[in-house]
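Peer 1: Here you go, this is final.cif (mmCIF, C-alpha atoms and all ligand atoms).
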```
data_data
loop_
_atom_site.group_PDB
_atom_site.id
_atom_site.type_symbol
_atom_site.label_atom_id
_atom_site.label_comp_id
_atom_site.auth_asym_id
_atom_site.auth_seq_id
_atom_site.Cartn_x
_atom_site.Cartn_y
_atom_site.Cartn_z
ATOM 1 C CA MET Q 1 -1.199 -9.680 -22.574
ATOM 2 C CA SER Q 2 1.012 -11.785 -20.300
ATOM 3 C CA VAL Q 3 -0.581 -13.666 -17.450
ATOM 4 C CA ARG Q 4 -0.353 -12.171 -13.944
ATOM 5 C CA HIS Q 5 -0.099 -14.320 -10.824
ATOM 6 C CA PHE Q 6 -0.579 -13.407 -7.159
ATOM 7 C CA LEU Q 7 1.911 -15.532 -5.233
ATOM 8 C CA THR Q 8 3.085 -12.776 -2.889
ATOM 9 C CA LEU Q 9 2.215 -9.110 -2.376
ATOM 10 C CA THR Q 10 5.144 -8.051 -4.558
ATOM 11 C CA ASP Q 11 3.461 -9.513 -7.654
ATOM 12 C CA LEU Q 12 1.410 -6.299 -7.726
ATOM 13 C CA SER Q 13 2.882 -2.796 -7.609
ATOM 14 C CA PRO Q 14 2.066 -0.511 -4.655
ATOM 15 C CA GLN Q 15 -0.183 1.501 -7.009
ATOM 16 C CA GLU Q 16 -2.035 -1.617 -8.171
ATOM 17 C CA LEU Q 17 -2.489 -2.740 -4.565
ATOM 18 C CA GLU Q 18 -3.799 0.677 -3.579
ATOM 19 C CA ARG Q 19 -6.356 0.600 -6.411
ATOM 20 C CA LEU Q 20 -7.304 -2.961 -5.500
ATOM 21 C CA ILE Q 21 -8.081 -1.981 -1.897
ATOM 22 C CA GLN Q 22 -10.224 0.927 -3.096
ATOM 23 C CA ARG Q 23 -12.017 -1.388 -5.512
ATOM 24 C CA ALA Q 24 -12.616 -3.898 -2.689
ATOM 25 C CA ILE Q 25 -14.249 -1.151 -0.631
ATOM 26 C CA GLU Q 26 -16.376 -0.153 -3.628
ATOM 27 C CA LEU Q 27 -17.413 -3.749 -4.411
ATOM 28 C CA LYS Q 28 -18.362 -4.224 -0.749
ATOM 29 C CA ARG Q 29 -20.506 -1.096 -0.766
ATOM 30 C CA ARG Q 30 -22.226 -2.144 -3.998
ATOM 31 C CA HIS Q 31 -22.802 -5.690 -2.718
ATOM 32 C CA GLN Q 32 -24.282 -4.404 0.535
ATOM 33 C CA ALA Q 33 -26.577 -2.107 -1.456
ATOM 34 C CA GLY Q 34 -27.902 -5.142 -3.326
ATOM 35 C CA LEU Q 35 -26.249 -4.213 -6.633
ATOM 36 C CA ILE Q 36 -25.009 -6.996 -8.870
ATOM 37 C CA ASP Q 37 -21.588 -6.876 -10.571
ATOM 38 C CA GLU Q 38 -20.840 -9.800 -12.874
ATOM 39 C CA PRO Q 39 -17.554 -9.089 -14.687
ATOM 40 C CA LEU Q 40 -16.645 -12.791 -14.463
ATOM 41 C CA LYS Q 41 -19.739 -14.245 -16.082
ATOM 42 C CA ASN Q 42 -19.013 -17.837 -17.219
ATOM 43 C CA LYS Q 43 -15.490 -17.734 -15.762
ATOM 44 C CA VAL Q 44 -14.330 -20.622 -13.606
ATOM 45 C CA LEU Q 45 -11.860 -20.736 -10.707
ATOM 46 C CA ALA Q 46 -10.242 -24.050 -9.730
ATOM 47 C CA MET Q 47 -9.482 -24.186 -5.995
ATOM 48 C CA ILE Q 48 -6.841 -26.676 -4.849
ATOM 49 C CA PHE Q 49 -6.847 -27.177 -1.078
ATOM 50 C CA GLU Q 50 -4.080 -29.325 0.399
ATOM 51 C CA LYS Q 51 -4.792 -27.859 3.859
ATOM 52 C CA SER Q 52 -8.024 -27.127 5.738
ATOM 53 C CA SER Q 53 -9.904 -23.853 5.343
ATOM 54 C CA THR Q 54 -13.119 -22.136 6.303
ATOM 55 C CA ARG Q 55 -12.685 -18.448 5.388
ATOM 56 C CA THR Q 56 -10.576 -18.893 2.272
ATOM 57 C CA ARG Q 57 -12.752 -21.529 0.695
ATOM 58 C CA VAL Q 58 -16.039 -19.791 1.402
ATOM 59 C CA SER Q 59 -14.812 -16.330 0.390
ATOM 60 C CA PHE Q 60 -13.356 -17.483 -2.938
ATOM 61 C CA GLU Q 61 -16.354 -19.654 -3.783
ATOM 62 C CA ALA Q 62 -18.931 -17.045 -2.770
ATOM 63 C CA GLY Q 63 -16.880 -14.346 -4.486
ATOM 64 C CA MET Q 64 -16.835 -16.201 -7.806
ATOM 65 C CA ILE Q 65 -20.592 -16.805 -7.658
ATOM 66 C CA GLN Q 66 -21.264 -13.134 -6.837
ATOM 67 C CA LEU Q 67 -19.067 -12.034 -9.761
ATOM 68 C CA GLY Q 68 -21.107 -14.167 -12.146
ATOM 69 C CA GLY Q 69 -18.782 -17.175 -12.395
ATOM 70 C CA GLY Q 70 -18.234 -20.407 -10.530
ATOM 71 C CA ALA Q 71 -15.600 -22.291 -8.540
ATOM 72 C CA ILE Q 72 -14.544 -25.932 -8.325
ATOM 73 C CA PHE Q 73 -13.174 -27.318 -5.036
ATOM 74 C CA LEU Q 74 -10.335 -29.811 -5.500
ATOM 75 C CA SER Q 75 -8.622 -31.731 -2.717
ATOM 76 C CA PRO Q 76 -5.688 -34.140 -3.101
ATOM 77 C CA ARG Q 77 -7.872 -36.861 -1.597
ATOM 78 C CA ASP Q 78 -10.163 -36.931 -4.602
ATOM 79 C CA THR Q 79 -7.835 -35.795 -7.403
ATOM 80 C CA GLN Q 80 -4.799 -37.286 -9.104
ATOM 81 C CA LEU Q 81 -2.628 -34.803 -7.172
ATOM 82 C CA GLY Q 82 -3.004 -37.119 -4.191
ATOM 83 C CA ARG Q 83 -1.787 -40.030 -6.323
ATOM 84 C CA GLY Q 84 1.381 -38.290 -7.404
ATOM 85 C CA GLU Q 85 0.464 -36.448 -10.621
ATOM 86 C CA PRO Q 86 3.119 -33.716 -10.871
ATOM 87 C CA ILE Q 87 1.997 -30.184 -10.040
ATOM 88 C CA GLU Q 88 3.395 -28.981 -13.401
ATOM 89 C CA ASP Q 89 1.072 -31.359 -15.264
ATOM 90 C CA THR Q 90 -1.848 -30.278 -13.093
ATOM 91 C CA GLY Q 91 -1.122 -26.635 -13.936
ATOM 92 C CA ARG Q 92 -1.078 -27.333 -17.650
ATOM 93 C CA VAL Q 93 -4.265 -29.403 -17.595
ATOM 94 C CA LEU Q 94 -6.249 -26.957 -15.447
ATOM 95 C CA SER Q 95 -5.105 -24.069 -17.672
ATOM 96 C CA GLU Q 96 -6.910 -25.785 -20.569
ATOM 97 C CA MET Q 97 -10.177 -25.831 -18.635
ATOM 98 C CA VAL Q 98 -10.480 -22.961 -16.175
ATOM 99 C CA ASP Q 99 -9.744 -19.234 -16.082
ATOM 100 C CA ALA Q 100 -7.716 -19.075 -12.857
ATOM 101 C CA ILE Q 101 -6.284 -21.432 -10.242
ATOM 102 C CA MET Q 102 -6.260 -20.820 -6.488
ATOM 103 C CA VAL Q 103 -3.936 -22.965 -4.370
ATOM 104 C CA ARG Q 104 -3.522 -23.607 -0.643
ATOM 105 C CA THR Q 105 -0.551 -25.856 -0.102
ATOM 106 C CA TYR Q 106 2.579 -26.494 1.999
ATOM 107 C CA SER Q 107 5.577 -25.714 -0.189
ATOM 108 C CA HIS Q 108 5.806 -22.243 -1.701
ATOM 109 C CA GLN Q 109 8.210 -23.665 -4.308
ATOM 110 C CA GLU Q 110 5.514 -26.097 -5.466
ATOM 111 C CA LEU Q 111 3.154 -23.165 -5.934
ATOM 112 C CA GLU Q 112 5.800 -21.325 -7.971
ATOM 113 C CA LYS Q 113 6.257 -24.446 -10.071
ATOM 114 C CA LEU Q 114 2.536 -24.632 -10.781
ATOM 115 C CA ALA Q 115 2.483 -20.941 -11.699
ATOM 116 C CA ALA Q 116 5.402 -21.429 -14.092
ATOM 117 C CA TYR Q 117 3.431 -24.052 -15.997
ATOM 118 C CA SER Q 118 0.044 -22.338 -15.850
ATOM 119 C CA SER Q 119 -1.201 -20.091 -18.629
ATOM 120 C CA VAL Q 120 -3.971 -18.705 -16.393
ATOM 121 C CA PRO Q 121 -3.531 -16.602 -13.212
ATOM 122 C CA VAL Q 122 -2.483 -18.520 -10.097
ATOM 123 C CA ILE Q 123 -3.444 -17.195 -6.649
ATOM 124 C CA ASN Q 124 -1.678 -18.099 -3.406
ATOM 125 C CA ALA Q 125 -4.346 -18.960 -0.855
ATOM 126 C CA LEU Q 126 -1.655 -19.777 1.773
ATOM 127 C CA THR Q 127 1.623 -21.640 1.672
ATOM 128 C CA ASP Q 128 4.048 -22.351 4.508
ATOM 129 C CA ASP Q 129 5.769 -19.082 3.536
ATOM 130 C CA TYR Q 130 3.086 -16.530 2.621
ATOM 131 C CA HIS Q 131 -0.610 -15.677 2.972
ATOM 132 C CA PRO Q 132 -1.016 -12.571 0.790
ATOM 133 C CA CYS Q 133 -4.822 -12.729 0.406
ATOM 134 C CA GLN Q 134 -5.188 -12.287 4.167
ATOM 135 C CA LEU Q 135 -3.109 -9.116 3.986
ATOM 136 C CA LEU Q 136 -5.446 -7.641 1.372
ATOM 137 C CA ALA Q 137 -8.309 -8.078 3.833
ATOM 138 C CA ASP Q 138 -6.250 -6.753 6.750
ATOM 139 C CA VAL Q 139 -5.240 -3.622 4.867
ATOM 140 C CA GLN Q 140 -8.802 -3.058 3.653
ATOM 141 C CA THR Q 141 -10.036 -3.339 7.242
ATOM 142 C CA PHE Q 142 -7.498 -0.824 8.510
ATOM 143 C CA VAL Q 143 -8.309 1.606 5.687
ATOM 144 C CA GLU Q 144 -12.043 1.336 6.363
ATOM 145 C CA ASN Q 145 -11.567 2.122 10.046
ATOM 146 C CA ARG Q 146 -8.573 4.435 10.207
ATOM 147 C CA GLY Q 147 -7.575 5.461 6.663
ATOM 148 C CA SER Q 148 -4.256 4.746 4.960
ATOM 149 C CA LEU Q 149 -1.556 2.612 6.622
ATOM 150 C CA GLN Q 150 1.137 4.813 5.117
ATOM 151 C CA GLY Q 151 3.498 6.077 7.822
ATOM 152 C CA LYS Q 152 1.790 4.038 10.563
ATOM 153 C CA THR Q 153 3.462 1.502 12.873
ATOM 154 C CA VAL Q 154 2.237 -2.077 13.074
ATOM 155 C CA THR Q 155 3.265 -4.798 15.528
ATOM 156 C CA TRP Q 156 3.283 -8.473 14.660
ATOM 157 C CA ILE Q 157 3.320 -10.607 17.821
ATOM 158 C CA GLY Q 158 3.954 -14.332 17.678
ATOM 159 C CA ASP Q 159 5.426 -16.749 15.221
ATOM 160 C CA GLY Q 160 7.610 -15.577 12.317
ATOM 161 C CA ASN Q 161 5.334 -17.572 10.032
ATOM 162 C CA ASN Q 162 3.522 -17.169 6.686
ATOM 163 C CA MET Q 163 1.387 -14.332 8.061
ATOM 164 C CA CYS Q 164 4.399 -12.549 9.522
ATOM 165 C CA ASN Q 165 6.248 -12.859 6.200
ATOM 166 C CA SER Q 166 3.282 -11.336 4.405
ATOM 167 C CA TYR Q 167 3.199 -8.468 6.918
ATOM 168 C CA ILE Q 168 6.869 -7.854 6.091
ATOM 169 C CA LYS Q 169 6.064 -7.601 2.387
ATOM 170 C CA ALA Q 170 3.031 -5.459 3.188
ATOM 171 C CA ALA Q 171 5.240 -3.021 5.122
ATOM 172 C CA ARG Q 172 7.148 -2.358 1.914
ATOM 173 C CA GLN Q 173 4.143 -2.295 -0.422
ATOM 174 C CA PHE Q 174 1.870 -0.184 1.799
ATOM 175 C CA ASP Q 175 4.670 1.929 3.278
ATOM 176 C CA PHE Q 176 4.420 1.334 7.034
ATOM 177 C CA GLN Q 177 6.859 0.421 9.800
ATOM 178 C CA LEU Q 178 6.663 -3.090 11.259
ATOM 179 C CA ARG Q 179 7.823 -4.331 14.672
ATOM 180 C CA ILE Q 180 8.115 -8.092 14.956
ATOM 181 C CA CYS Q 181 7.909 -9.544 18.450
ATOM 182 C CA CYS Q 182 8.684 -13.257 18.750
ATOM 183 C CA PRO Q 183 10.584 -15.555 21.092
ATOM 184 C CA GLU Q 184 14.124 -16.509 20.136
ATOM 185 C CA GLY Q 185 14.196 -19.182 17.458
ATOM 186 C CA TYR Q 186 10.877 -18.152 15.892
ATOM 187 C CA GLU Q 187 12.085 -15.231 13.760
ATOM 188 C CA PRO Q 188 11.179 -14.956 10.074
ATOM 189 C CA ALA Q 189 13.958 -15.820 7.585
ATOM 190 C CA ALA Q 190 17.043 -13.658 8.128
ATOM 191 C CA SER Q 191 17.182 -12.854 4.392
ATOM 192 C CA LEU Q 192 13.667 -11.406 4.499
ATOM 193 C CA LEU Q 193 14.526 -9.308 7.558
ATOM 194 C CA GLU Q 194 17.722 -8.022 5.923
ATOM 195 C CA GLU Q 195 15.916 -7.186 2.708
ATOM 196 C CA HIS Q 196 13.410 -5.079 4.668
ATOM 197 C CA ALA Q 197 15.776 -3.683 7.304
ATOM 198 C CA ASP Q 198 14.668 -0.128 6.489
ATOM 199 C CA ARG Q 199 11.144 -0.791 7.783
ATOM 200 C CA VAL Q 200 11.180 -3.925 9.922
ATOM 201 C CA THR Q 201 12.610 -4.176 13.449
ATOM 202 C CA LEU Q 202 12.763 -7.076 15.870
ATOM 203 C CA VAL Q 203 11.624 -6.261 19.425
ATOM 204 C CA ARG Q 204 11.663 -9.063 22.011
ATOM 205 C CA ASP Q 205 9.574 -7.489 24.772
ATOM 206 C CA PRO Q 206 5.823 -7.462 23.905
ATOM 207 C CA ARG Q 207 5.201 -4.354 26.041
ATOM 208 C CA GLU Q 208 7.909 -2.433 24.233
ATOM 209 C CA ALA Q 209 6.769 -3.836 20.866
ATOM 210 C CA VAL Q 210 3.201 -2.500 21.127
ATOM 211 C CA ASP Q 211 4.114 0.864 22.633
ATOM 212 C CA GLN Q 212 2.051 3.527 20.801
ATOM 213 C CA VAL Q 213 1.522 1.401 17.664
ATOM 214 C CA HIS Q 214 -1.539 1.759 15.427
ATOM 215 C CA LEU Q 215 -2.239 -1.917 14.745
ATOM 216 C CA VAL Q 216 -1.431 -5.153 16.572
ATOM 217 C CA SER Q 217 -1.821 -8.455 14.748
ATOM 218 C CA THR Q 218 -1.165 -12.044 15.767
ATOM 219 C CA ASP Q 219 -1.805 -15.627 14.694
ATOM 220 C CA VAL Q 220 -1.774 -19.166 16.065
ATOM 221 C CA TRP Q 221 1.464 -20.381 17.635
ATOM 222 C CA ALA Q 222 1.390 -23.675 15.709
ATOM 223 C CA SER Q 223 0.385 -23.394 12.059
ATOM 224 C CA MET Q 224 -1.108 -26.124 9.897
ATOM 225 C CA GLY Q 225 1.525 -28.807 9.493
ATOM 226 C CA GLN Q 226 3.114 -28.028 12.897
ATOM 227 C CA GLU Q 227 0.583 -29.915 15.005
ATOM 228 C CA GLU Q 228 3.288 -32.099 16.592
ATOM 229 C CA GLU Q 229 5.126 -29.016 17.887
ATOM 230 C CA GLN Q 230 2.033 -27.655 19.617
ATOM 231 C CA ALA Q 231 3.056 -28.440 23.217
ATOM 232 C CA LYS Q 232 6.601 -27.120 22.805
ATOM 233 C CA ARG Q 233 5.366 -23.972 21.081
ATOM 234 C CA LYS Q 234 2.844 -23.356 23.839
ATOM 235 C CA ARG Q 235 5.729 -23.292 26.309
ATOM 236 C CA ASP Q 236 8.031 -21.213 24.083
ATOM 237 C CA PHE Q 237 5.399 -18.575 23.307
ATOM 238 C CA ALA Q 238 4.201 -18.098 26.890
ATOM 239 C CA GLY Q 239 4.342 -14.360 27.547
ATOM 240 C CA TYR Q 240 3.467 -13.454 23.944
ATOM 241 C CA GLN Q 241 -0.305 -13.415 24.443
ATOM 242 C CA VAL Q 242 -2.264 -10.388 23.240
ATOM 243 C CA SER Q 243 -4.799 -9.119 25.785
ATOM 244 C CA PRO Q 244 -6.776 -5.892 26.353
ATOM 245 C CA ALA Q 245 -4.157 -4.977 29.003
ATOM 246 C CA LEU Q 246 -1.349 -5.268 26.443
ATOM 247 C CA MET Q 247 -3.430 -3.303 23.921
ATOM 248 C CA ASN Q 248 -3.690 -0.482 26.480
ATOM 249 C CA LEU Q 249 -0.017 0.258 25.781
ATOM 250 C CA ALA Q 250 -0.690 0.799 22.066
ATOM 251 C CA ALA Q 251 -1.927 4.085 20.576
ATOM 252 C CA LYS Q 252 -5.348 5.252 21.797
ATOM 253 C CA ASP Q 253 -7.011 4.408 18.495
ATOM 254 C CA ALA Q 254 -5.096 1.149 17.903
ATOM 255 C CA LEU Q 255 -6.819 -1.817 16.279
ATOM 256 C CA PHE Q 256 -6.350 -5.536 16.845
ATOM 257 C CA MET Q 257 -6.452 -8.114 14.042
ATOM 258 C CA HIS Q 258 -6.150 -11.897 13.827
ATOM 259 C CA CYS Q 259 -6.482 -13.859 10.596
ATOM 260 C CA LEU Q 260 -8.409 -16.593 12.500
ATOM 261 C CA PRO Q 261 -8.949 -19.317 13.509
ATOM 262 C CA ALA Q 262 -7.979 -18.125 17.001
ATOM 263 C CA HIS Q 263 -7.003 -20.046 20.107
ATOM 264 C CA ARG Q 264 -8.373 -18.225 23.137
ATOM 265 C CA GLY Q 265 -6.115 -18.703 26.129
ATOM 266 C CA GLU Q 266 -3.037 -19.088 23.875
ATOM 267 C CA GLU Q 267 -2.056 -16.283 21.469
ATOM 268 C CA ILE Q 268 -5.005 -14.192 22.679
ATOM 269 C CA SER Q 269 -6.676 -13.859 26.071
ATOM 270 C CA HIS Q 270 -10.241 -15.153 26.424
ATOM 271 C CA ASP Q 271 -11.675 -11.621 26.234
ATOM 272 C CA MET Q 272 -9.530 -10.189 23.403
ATOM 273 C CA LEU Q 273 -11.994 -10.784 20.565
ATOM 274 C CA ASP Q 274 -14.768 -9.077 22.547
ATOM 275 C CA ASP Q 275 -12.695 -5.935 23.001
ATOM 276 C CA ASP Q 276 -13.808 -2.855 21.024
ATOM 277 C CA ARG Q 277 -10.377 -2.629 19.415
ATOM 278 C CA ALA Q 278 -10.711 -6.082 17.831
ATOM 279 C CA VAL Q 279 -11.967 -5.877 14.239
ATOM 280 C CA VAL Q 280 -11.596 -9.566 13.435
ATOM 281 C CA TRP Q 281 -15.131 -10.239 12.121
ATOM 282 C CA GLN Q 282 -14.946 -7.323 9.723
ATOM 283 C CA GLU Q 283 -11.444 -8.519 8.789
ATOM 284 C CA ALA Q 284 -12.758 -12.033 8.051
ATOM 285 C CA GLY Q 285 -15.665 -10.613 6.025
ATOM 286 C CA ASN Q 286 -13.284 -8.500 3.999
ATOM 287 C CA ARG Q 287 -11.639 -11.656 2.686
ATOM 288 C CA LEU Q 288 -14.676 -11.840 0.401
ATOM 289 C CA HIS Q 289 -14.507 -8.273 -0.869
ATOM 290 C CA ALA Q 290 -10.722 -8.007 -1.209
ATOM 291 C CA GLN Q 291 -10.534 -11.289 -3.114
ATOM 292 C CA LYS Q 292 -13.399 -10.263 -5.390
ATOM 293 C CA ALA Q 293 -11.313 -7.233 -6.327
ATOM 294 C CA LEU Q 294 -8.309 -9.517 -6.843
ATOM 295 C CA LEU Q 295 -10.270 -11.999 -8.988
ATOM 296 C CA GLU Q 296 -11.615 -9.154 -11.092
ATOM 297 C CA PHE Q 297 -8.122 -7.668 -11.476
ATOM 298 C CA LEU Q 298 -6.549 -10.977 -12.543
ATOM 299 C CA MET Q 299 -9.393 -12.531 -14.536
ATOM 300 C CA ALA Q 300 -11.478 -9.788 -16.099
ATOM 301 C CA ARG Q 301 -8.471 -8.153 -17.734
ATOM 302 C CA ARG Q 302 -7.845 -11.282 -19.803
ATOM 303 C CA GLY Q 303 -10.943 -10.633 -21.923
HETATM 304 N N1 LIG L 1 -7.598 -16.878 7.760
HETATM 305 C C1 LIG L 1 -7.754 -17.948 6.976
HETATM 306 O O1 LIG L 1 -7.076 -18.108 5.943
HETATM 307 O O2 LIG L 1 -8.711 -18.791 7.399
HETATM 308 P P1 LIG L 1 -9.029 -20.243 6.829
HETATM 309 O O3 LIG L 1 -7.864 -21.136 7.201
HETATM 310 O O4 LIG L 1 -10.310 -20.646 7.502
HETATM 311 O O5 LIG L 1 -9.185 -20.175 5.338
HETATM 312 N N1 LIG L 2 -0.363 -19.411 10.139
HETATM 313 C C1 LIG L 2 -1.625 -20.107 10.006
HETATM 314 C C2 LIG L 2 -2.601 -19.265 9.256
HETATM 315 C C3 LIG L 2 -3.972 -19.868 9.118
HETATM 316 C C4 LIG L 2 -4.918 -19.013 8.323
HETATM 317 C C5 LIG L 2 -1.394 -21.432 9.307
HETATM 318 O O1 LIG L 2 -0.602 -21.473 8.361
HETATM 319 O O2 LIG L 2 -1.977 -22.427 9.720
#
```
Go ahead and render the structure in this file as structure tokens.
Ligand code: CP
Ligand code: NVA
Peer 2:
Amino acid sequence: MSVRHFLTLTDLSPQELERLIQRAIELKRRHQAGLIDEPLKNKVLAMIFEKSSTRTRVSFEAGMIQLGGGAIFLSPRDTQLGRGEPIEDTGRVLSEMVDAIMVRTYSHQELEKLAAYSSVPVINALTDDYHPCQLLADVQTFVENRGSLQGKTVTWIGDGNNMCNSYIKAARQFDFQLRICCPEGYEPAASLLEEHADRVTLVRDPREAVDQVHLVSTDVWASMGQEEEQAKRKRDFAGYQVSPALMNLAAKDALFMHCLPAHRGEEISHDMLDDDRAVVWQEAGNRLHAQKALLEFLMARRG
């Protein structure tokens, strides 16, 4: 059986993603009922973090323990990666020792390189271009609260960043319409927009963008690695803040999501996370359950 990776949402078919979300919901229910599922007994996940993380690290590590296995945290500071060992060599070596590799890094191409040289599944835990694991949790959260996303309209407000790119791929895989609302100069790659022109539209005015939509999602204005642009971005994104007043223009039963960490007073108003429409804590918690379903899908099938 050939190895499967999860570098973007298109590495799984829409049917596989659908089953994965249902499995995540089932694993969550079983976990909350105190039942133990250990399909990954004695399996090991290596976790390479070249950027900071709270949710991703804890959810993958806790998830592996709950599934009967274990996880090893690796940072460039304490590994040979930080001293220039090529990513290809790292992929080959780790493949000899562990059952899957999770990576949070800058360059998506570096991740692809590692996957090409790895004989065990590689999982994208965020690159500059994509954050597919977050989308699994976001979709699970929507399904739990409102049912399928199929045929719904979602608005992405803010930077055309890794999260936005993953929402674009999600629109295709989960069959919804996506409105992207960003200031000029912060659009996602034109090629990605063209490729998804049948379901993604660019709307400049936030009020128009959220009109009657079913889900509004946003993210920080300056991502990890863009710290020096923070002041300029703060100026450029003024007017793109999500607030309860903006949410009032969305559909009556609209939800608000944010992958977190959030910056109150910037991309969201101070009171946005306390609004009933915000489901961000459930969304963060679902990182655990969705990734457990992903780990099981990628690792348990290898026997
Ligand atoms: N949302 C998310 O990926 O959070 P962390 O950066 O804390 O992992
Ligand atoms: N766009 C953000 C997401 C953090 C989870 C970043 O890349 O820093």
Peer 1: Can you measure atom CA of Glu50 of chain Q to atom CA of Asp128 of chain Q for me? One decimal in Å is fine.
Peer 2: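 Answer for the atom CA of Glu50 of chain Q to atom CA of Asp128 of chain Q separation: 11.5 Å.
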Peer 1: Determine the nearest neighbour of ligand LIG 1 (chain L) from the options Q:Leu294, Q:Met247, Q:Val280, Q:Leu215, counting all atoms listed in the file.
Peer 2: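 Counting all atoms listed in the file, the residue closest to ligand LIG 1 (chain L) is Q:Val280.
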Peer 1: Could you report the residues within 7 Å of ligand LIG 1 (chain L), using only C-alpha atoms and all ligand atoms, as a ChimeraX atom specification?
Peer 2: /Q:52-57,134,259-261
Peer 1: Any chance you could resolve the PyMOL selection byres (((not hetatm)) within 12 of (chain L and resi 2)) against this file and give the residues as a PyMOL selection string?
Peer 2: chain Q and resi 50-57+104-108+125-135+158-167+217-227+230+258-263+267+284+287
Peer 1: For the atom pair atom CA of Val143 of chain Q and atom CA of Glu283 of chain Q, what is the interatomic distance in Å to one decimal place?
Peer 2: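 Separating atom CA of Val143 of chain Q from atom CA of Glu283 of chain Q is a distance of 11.0 Å.
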Peer 1: Using Å and a single decimal, report how far atom CA of Cys182 of chain Q sits from atom CA of Phe237 of chain Q.
Peer 2: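 That distance, rounded to one decimal, is 7.7 Å.
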Peer 1: Env of Val213 of chain Q: 6 Å cut, atoms = only C-alpha atoms, seq-sep filter 2 positions within chain, self excluded. Answer as a PyMOL selection string.
Peer 2: chain Q and resi 153-154+210-211+215+250-251
Peer 1: Keeping only C-alpha atoms, write the selected residues as a compact mmCIF listing (two decimals), keeping the file's coordinate frame.
Peer 2:
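Output (part.txt):
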```txt
# COMPACT_ATOMS: atom_id res chain seq x y z
CA THR Q 153 3.46 1.50 12.87
CA VAL Q 154 2.24 -2.08 13.07
CA VAL Q 210 3.20 -2.50 21.13
CA ASP Q 211 4.11 0.86 22.63
CA LEU Q 215 -2.24 -1.92 14.74
CA ALA Q 250 -0.69 0.80 22.07
CA ALA Q 251 -1.93 4.08 20.58
```
